[in-house]
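*Asks:* Data: upload-v5.tsv, TSV, C-alpha atoms.
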```tsv
chain	number	residue	atom	x	y	z
A	143	MET	CA	0.00	0.00	0.00
A	144	LEU	CA	1.27	3.49	-0.94
A	145	GLU	CA	1.97	5.52	2.21
A	146	GLY	CA	-0.07	8.71	2.71
A	147	ASN	CA	-2.58	7.85	0.03
A	148	ARG	CA	-6.00	6.32	0.39
A	149	VAL	CA	-6.04	3.24	-1.82
A	150	SER	CA	-8.70	2.72	-4.47
A	151	ARG	CA	-8.49	-0.08	-7.01
A	152	ILE	CA	-9.22	1.05	-10.56
A	153	SER	CA	-8.89	-1.29	-13.51
A	154	VAL	CA	-7.10	0.34	-16.45
A	155	ARG	CA	-6.36	-2.20	-19.20
A	156	GLY	CA	-5.68	-4.90	-16.63
A	157	PHE	CA	-3.92	-2.67	-14.07
A	158	ALA	CA	-5.37	-1.54	-10.71
A	159	VAL	CA	-4.40	2.08	-10.02
A	160	ALA	CA	-4.62	2.41	-6.22
A	161	SER	CA	-4.27	6.06	-5.49
A	162	ALA	CA	-6.93	8.62	-4.57
A	163	THR	CA	-4.57	11.37	-5.65
A	164	ALA	CA	-4.00	9.66	-8.99
A	165	VAL	CA	-7.74	9.17	-9.40
A	166	THR	CA	-8.33	12.88	-8.88
A	167	ALA	CA	-5.56	13.85	-11.30
A	168	VAL	CA	-6.83	11.52	-13.98
A	169	GLY	CA	-10.33	12.91	-13.58
A	170	SER	CA	-11.79	9.74	-12.10
A	171	VAL	CA	-10.63	7.48	-14.92
A	172	VAL	CA	-12.92	4.59	-14.23
A	173	GLY	CA	-13.31	1.49	-16.33
A	174	VAL	CA	-11.70	3.01	-19.47
A	175	ALA	CA	-11.33	-0.44	-20.95
A	176	SER	CA	-14.37	-2.14	-19.40
A	177	GLY	CA	-16.78	0.81	-18.96
A	178	SER	CA	-17.41	0.05	-15.23
A	179	THR	CA	-17.40	2.68	-12.42
A	180	ALA	CA	-15.51	2.24	-9.16
A	181	GLN	CA	-16.39	4.16	-6.01
A	182	ASN	CA	-13.47	5.85	-4.25
A	183	ASN	CA	-14.60	4.59	-0.87
A	184	ASP	CA	-15.11	0.99	-1.95
A	185	VAL	CA	-11.69	-0.48	-1.39
A	186	GLU	CA	-12.86	-4.08	-1.21
A	187	ALA	CA	-14.90	-3.94	-4.45
A	188	THR	CA	-11.96	-4.60	-6.75
A	189	ALA	CA	-11.93	-8.14	-8.10
A	190	ALA	CA	-9.25	-10.51	-6.91
A	191	GLY	CA	-6.24	-10.93	-9.08
A	192	THR	CA	-5.71	-7.25	-10.03
A	193	THR	CA	-2.32	-5.63	-9.59
A	194	LEU	CA	-1.96	-2.75	-7.12
A	195	LEU	CA	0.01	0.33	-7.99
A	196	ALA	CA	2.28	-0.51	-5.07
A	197	ASP	CA	3.01	-3.88	-6.61
A	198	ILE	CA	4.21	-2.31	-9.85
A	199	PRO	CA	7.90	-1.48	-9.99
A	200	VAL	CA	8.55	2.16	-9.15
A	201	GLY	CA	10.02	2.80	-12.55
A	202	GLN	CA	6.80	1.71	-14.28
A	203	GLN	CA	4.26	3.48	-12.04
A	204	ALA	CA	4.61	6.78	-13.94
A	205	GLN	CA	4.11	4.93	-17.22
A	206	VAL	CA	0.88	3.36	-15.91
A	207	GLN	CA	-0.46	6.71	-14.76
A	208	THR	CA	0.61	8.36	-18.02
A	209	ALA	CA	-1.15	5.64	-20.01
A	210	SER	CA	-4.32	6.23	-18.01
A	211	LEU	CA	-4.22	9.97	-18.64
A	212	THR	CA	-3.49	9.36	-22.34
A	213	GLN	CA	-6.45	7.01	-22.67
A	214	GLN	CA	-8.76	9.53	-21.02
A	215	ALA	CA	-7.49	12.27	-23.31
A	216	ASP	CA	-8.04	10.02	-26.33
A	217	ALA	CA	-11.55	9.19	-25.17
A	218	GLN	CA	-12.36	12.87	-24.68
A	219	ALA	CA	-10.92	13.70	-28.11
A	220	ILE	CA	-13.02	10.98	-29.73
A	221	ALA	CA	-16.14	12.26	-27.95
A	222	ALA	CA	-15.33	15.81	-29.03
A	223	ASP	CA	-14.82	14.70	-32.65
A	224	ALA	CA	-18.13	12.81	-32.60
A	225	GLY	CA	-19.91	15.85	-31.19
A	226	ALA	CA	-18.37	18.15	-33.77
A	227	LYS	CA	-19.29	15.72	-36.57
A	228	LYS	CA	-22.89	15.56	-35.34
A	229	GLU	CA	-23.11	19.36	-35.18
A	230	ALA	CA	-21.65	19.63	-38.68
A	231	GLU	CA	-24.16	17.09	-40.02
A	232	GLU	CA	-27.05	18.96	-38.38
A	233	ALA	CA	-25.80	22.25	-39.83
A	234	ALA	CA	-25.49	20.66	-43.28
A	235	ARG	CA	-29.02	19.23	-43.11
A	236	LYS	CA	-30.39	22.58	-42.00
A	237	ALA	CA	-28.57	24.40	-44.80
A	238	ALA	CA	-29.80	21.85	-47.37
A	239	ALA	CA	-33.38	22.23	-46.14
A	240	GLU	CA	-33.17	26.03	-46.33
A	241	THR	CA	-31.70	25.82	-49.84
A	242	ALA	CA	-34.45	23.43	-50.95
A	243	ILE	CA	-37.14	25.75	-49.56
A	244	ALA	CA	-35.58	28.75	-51.31
A	245	LYS	CA	-35.36	26.90	-54.64
A	246	LYS	CA	-38.96	25.70	-54.36
A	247	LYS	CA	-40.09	29.25	-53.68
A	248	GLU	CA	-38.17	30.50	-56.74
A	249	ALA	CA	-39.63	27.72	-58.88
A	250	ASP	CA	-43.17	28.48	-57.68
A	251	GLU	CA	-42.72	32.18	-58.41
A	252	ALA	CA	-41.30	31.42	-61.87
A	253	ALA	CA	-44.20	29.05	-62.63
A	254	LYS	CA	-46.71	31.65	-61.45
A	255	LYS	CA	-45.12	34.33	-63.61
A	256	ALA	CA	-45.06	32.02	-66.63
A	257	ALA	CA	-48.73	31.16	-66.12
A	258	GLU	CA	-49.64	34.84	-65.88
A	259	GLU	CA	-47.69	35.64	-69.05
A	260	ALA	CA	-49.34	32.75	-70.88
A	261	LYS	CA	-52.75	33.97	-69.75
A	262	GLU	CA	-51.97	37.48	-70.97
A	263	ARG	CA	-50.87	36.13	-74.35
A	264	GLU	CA	-54.04	34.07	-74.61
A	265	GLU	CA	-56.20	37.06	-73.72
A	266	ALA	CA	-54.42	39.16	-76.33
A	267	LYS	CA	-54.87	36.39	-78.87
A	268	LYS	CA	-58.58	36.17	-78.16
A	269	ALA	CA	-58.95	39.93	-78.25
A	270	ALA	CA	-57.22	40.07	-81.62
A	271	SER	CA	-59.38	37.22	-82.88
A	272	ARG	CA	-62.54	39.05	-81.91
A	273	SER	CA	-61.56	42.44	-83.25
A	274	ALA	CA	-63.63	42.23	-86.41
A	275	THR	CA	-63.65	45.23	-88.70
A	276	ARG	CA	-67.42	45.24	-89.20
A	277	ASP	CA	-70.49	43.80	-87.47
A	278	SER	CA	-73.42	42.00	-89.08
A	279	SER	CA	-75.61	45.05	-88.60
A	280	ASP	CA	-73.34	47.02	-90.93
A	281	PHE	CA	-74.63	45.14	-93.97
A	282	ALA	CA	-77.88	45.92	-95.73
A	283	VAL	CA	-80.34	43.05	-95.91
A	284	GLN	CA	-80.82	41.56	-99.38
A	285	SER	CA	-83.35	39.13	-100.79
A	286	SER	CA	-80.60	36.74	-101.81
A	287	TYR	CA	-76.81	36.40	-101.65
A	288	SER	CA	-74.20	34.85	-103.85
A	289	ILE	CA	-71.31	32.87	-102.39
A	290	ALA	CA	-68.94	35.70	-103.37
A	291	GLU	CA	-71.08	38.23	-101.46
A	292	ILE	CA	-71.23	36.02	-98.37
A	293	GLN	CA	-67.47	35.52	-98.45
A	294	SER	CA	-66.95	39.26	-98.86
A	295	MET	CA	-69.04	39.93	-95.74
A	296	ALA	CA	-67.11	37.29	-93.85
A	297	ARG	CA	-63.74	38.79	-94.83
A	298	GLN	CA	-64.85	42.11	-93.39
A	299	MET	CA	-66.03	40.54	-90.14
A	300	VAL	CA	-63.28	37.97	-89.49
A	301	PRO	CA	-59.75	39.13	-88.54
A	302	SER	CA	-57.40	38.66	-91.48
A	303	GLY	CA	-55.12	36.32	-89.54
A	304	GLN	CA	-58.06	33.99	-88.83
A	305	TRP	CA	-59.75	34.18	-92.20
A	306	GLN	CA	-58.33	31.07	-93.86
A	307	CYS	CA	-59.15	28.83	-90.87
A	308	PHE	CA	-62.65	30.30	-90.72
A	309	SER	CA	-63.13	29.73	-94.45
A	310	ASN	CA	-61.88	26.12	-94.22
A	311	ILE	CA	-64.57	25.28	-91.67
A	312	VAL	CA	-67.36	26.88	-93.68
A	313	ASP	CA	-66.14	25.10	-96.82
A	314	HIS	CA	-66.43	21.72	-95.09
A	315	GLU	CA	-69.69	22.44	-93.28
A	316	SER	CA	-71.84	24.07	-95.94
A	317	SER	CA	-69.79	25.13	-98.97
A	318	TRP	CA	-70.88	28.70	-98.12
A	319	ASN	CA	-74.57	27.94	-98.56
A	320	TYR	CA	-76.31	29.95	-95.82
A	321	GLN	CA	-79.54	27.98	-96.39
A	322	ALA	CA	-77.96	24.51	-96.34
A	323	VAL	CA	-79.98	21.92	-94.39
A	324	ASN	CA	-78.80	18.49	-93.26
A	325	PRO	CA	-81.71	16.15	-94.12
A	326	SER	CA	-80.79	13.70	-91.37
A	327	SER	CA	-80.15	15.96	-88.39
A	328	GLY	CA	-81.72	19.27	-89.40
A	329	ALA	CA	-78.44	21.16	-88.91
A	330	TYR	CA	-78.71	24.49	-90.70
A	331	GLY	CA	-76.80	27.25	-92.41
A	332	LEU	CA	-73.16	28.15	-92.97
A	333	PHE	CA	-72.00	26.41	-89.79
A	334	GLN	CA	-74.58	23.63	-89.65
A	335	ALA	CA	-75.81	24.75	-86.22
A	336	LEU	CA	-77.88	22.15	-84.36
A	337	PRO	CA	-80.50	23.00	-83.45
A	338	ALA	CA	-80.78	25.73	-86.03
A	339	GLY	CA	-82.32	28.10	-83.49
A	340	LYS	CA	-78.86	28.66	-81.97
A	341	TYR	CA	-78.30	31.37	-84.59
A	342	ALA	CA	-80.99	33.48	-82.89
A	343	SER	CA	-78.46	34.58	-80.24
A	344	ALA	CA	-76.81	36.67	-82.98
A	345	GLY	CA	-80.00	38.07	-84.49
A	346	ALA	CA	-83.62	37.29	-85.30
A	347	ASP	CA	-82.99	37.36	-89.06
A	348	TRP	CA	-80.62	34.38	-88.99
A	349	ARG	CA	-82.64	32.40	-91.57
A	350	THR	CA	-82.34	35.05	-94.27
A	351	ASN	CA	-79.21	37.04	-93.36
A	352	PRO	CA	-75.82	35.29	-93.77
A	353	ALA	CA	-74.11	38.16	-91.90
A	354	THR	CA	-76.04	37.12	-88.77
A	355	GLN	CA	-74.90	33.54	-89.23
A	356	ILE	CA	-71.29	34.69	-89.73
A	357	LYS	CA	-71.47	36.68	-86.50
A	358	TRP	CA	-72.78	33.65	-84.64
A	359	GLY	CA	-70.16	31.32	-86.13
A	360	LEU	CA	-67.29	33.65	-85.26
A	361	ASN	CA	-68.53	34.06	-81.69
A	362	TYR	CA	-68.96	30.30	-81.35
A	363	MET	CA	-65.39	29.59	-82.50
A	364	ASN	CA	-63.94	32.26	-80.22
A	365	ASP	CA	-65.94	31.24	-77.16
A	366	ARG	CA	-65.48	27.48	-77.49
A	367	TYR	CA	-61.99	27.18	-78.93
A	368	GLY	CA	-60.35	30.59	-78.56
A	369	SER	CA	-60.17	31.45	-82.26
A	370	PRO	CA	-61.20	30.16	-85.70
A	371	CYS	CA	-57.73	28.62	-86.17
A	372	ASP	CA	-58.05	26.73	-82.89
A	373	ALA	CA	-61.48	25.56	-84.02
A	374	TRP	CA	-60.04	24.44	-87.35
A	375	ALA	CA	-57.27	22.49	-85.58
A	376	PHE	CA	-59.94	20.69	-83.58
A	377	TRP	CA	-61.98	20.04	-86.73
A	378	GLN	CA	-58.98	18.49	-88.48
A	379	ALA	CA	-58.44	16.12	-85.57
A	380	ASN	CA	-62.12	15.18	-85.10
A	381	HIS	CA	-63.95	16.15	-88.32
A	382	TRP	CA	-66.45	18.13	-86.29
A	383	TYR	CA	-66.23	21.15	-84.07
```
Re-express the file's structure as structure tokens.
*Replies:*
Amino acid sequence: MLEGNRVSRISVRGFAVASATAVTAVGSVVGVASGSTAQNNDVEATAAGTTLLADIPVGQQAQVQTASLTQQADAQAIAADAGAKKEAEEAARKAAAETAIAKKKEADEAAKKAAEEAKEREEAKKAASRSATRDSSDFAVQSSYSIAEIQSMARQMVPSGQWQCFSNIVDHESSWNYQAVNPSSGAYGLFQALPAGKYASAGADWRTNPATQIKWGLNYMNDRYGSPCDAWAFWQANHWY
């Protein structure tokens, strides 16, 4: 037993360090190898067969104590590294989450802006499609009309950029005969409206005035498809509109 010191048995890699002073200096290095905890006041708790510090040659006692301190320092360094690594990982996850949120916000704003621009272009397109030069009421009523006269009225009512599409539909539906009747369904006029009474929304004289039918047909194409060219694209795909 070491004189002047209260002996405690502490297992450090197979050695029992029996010194209260050493224990304090090491910072209560307890069970570094095994993970167990020894109480300073429990002298008899050490298992039989361990080697006391007093039994170790004097020249090796410092080495044993140094090894204990080194092991504790290594353990603390490992714990510190693990803690720093965990903090770094948490910081990285937080930064990644913030970056993802910022990118999503930018993408949402870009998509919203693109949708608004597309809507504005569509509105402008529809407005241009509907900006006819003349209305059906601008034409004097006649007792009869030739195909050339009907087409002339249509050219003045339909925007020039939409004229060919508009004409293609009328060609296929009625060959520009404003009194054409489908014997099977009863569809009537330039656009083969069914029922024929649909033309009345453009004017009461729809049976005898092709300008009224043209007005109705143009409105129908704009309202349902956006423009005569959009209506013609649908007609080509389905052979009806």
*Asks:* Rank nothing, just name the residue among A:Gln334, A:Gln321, A:Asn310, A:Ser278 nearest to Gln298 of chain A, using only C-alpha atoms.
*Replies:*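 Smallest distance to Gln298 of chain A is found for A:Ser278.
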*Asks:* Hey, can I get the axis-aligned box for segment 333-342 of chain A? All listed atoms, 4 Å padding on each side, centre and edge lengths in Å to one decimal, as AutoDock Vina command-line options.
*Replies:*
```
--center_x -77.2 --center_y 27.8 --center_z -85.9 --size_x 18.3 --size_y 19.3 --size_z 15.8
```
*Asks:* Residues proximal to (-61.7, 45.0, -92.6) were defined as those with any atom within 12 Å of that point in the file's coordinates, counting all atoms listed in the file. Which are they, as a ChimeraX atom specification?
*Replies:* /A:273-277,280,294-303,305
*Asks:* Please determine, counting all atoms listed in the file, which residue among A:Ala230, A:Ala322, A:Ile311, A:Ala249 has the shortest atom-to-atom distance to Trp374 of chain A.
*Replies:*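 Closest residue, counting all atoms listed in the file: A:Ile311.
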*Asks:* Just how far from atom CA of Trp382 of chain A is atom CA of Val312 of chain A, in Å to one decimal?
*Replies:* 11.5 Å
*Asks:* With all atoms listed in the file counted and 6 Å as the cut-off, give the residues of segment 274-318 of chain A in contact with segment 350-370 of chain A, each with its shortest interatomic distance in Å and the pair that gives it, as JSON lines.
*Replies:*
```
{"residue": "A:Ser278", "atom": "CA", "partner": "A:Ala353", "partner_atom": "CA", "distance": 4.8}
{"residue": "A:Gln304", "atom": "CA", "partner": "A:Pro370", "partner_atom": "CA", "distance": 5.9}
{"residue": "A:Cys307", "atom": "CA", "partner": "A:Pro370", "partner_atom": "CA", "distance": 5.7}
{"residue": "A:Phe308", "atom": "CA", "partner": "A:Pro370", "partner_atom": "CA", "distance": 5.2}
```
*Asks:* Between A:Ser279, A:Ile243, A:Val206, A:Ala224, which one has atoms that come closest to Ala344 of chain A, using all atoms listed in the file?
*Replies:*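 With all atoms listed in the file as the atom set, the closest residue is A:Ser279.
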*Asks:* Could you name the residues that touch segment 326-330 of chain A at 10 Å or less, counting all atoms listed in the file, but leaving out those on the same chain fewer than 6 positions away, as a list in words?
*Replies:*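 Near segment 326-330 of chain A, the qualifying residues are Glu315, Ser316, Asn319, Tyr320, Leu336, Pro337, Ala338, Gly339, Lys340, Tyr341, Arg349 and Gln355 of chain A.
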*Asks:* Hey, can you check how far atom CA of Ala335 of chain A sits from atom CA of Asp347 of chain A?
*Replies:*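 These two atoms are separated by 14.8 Å.
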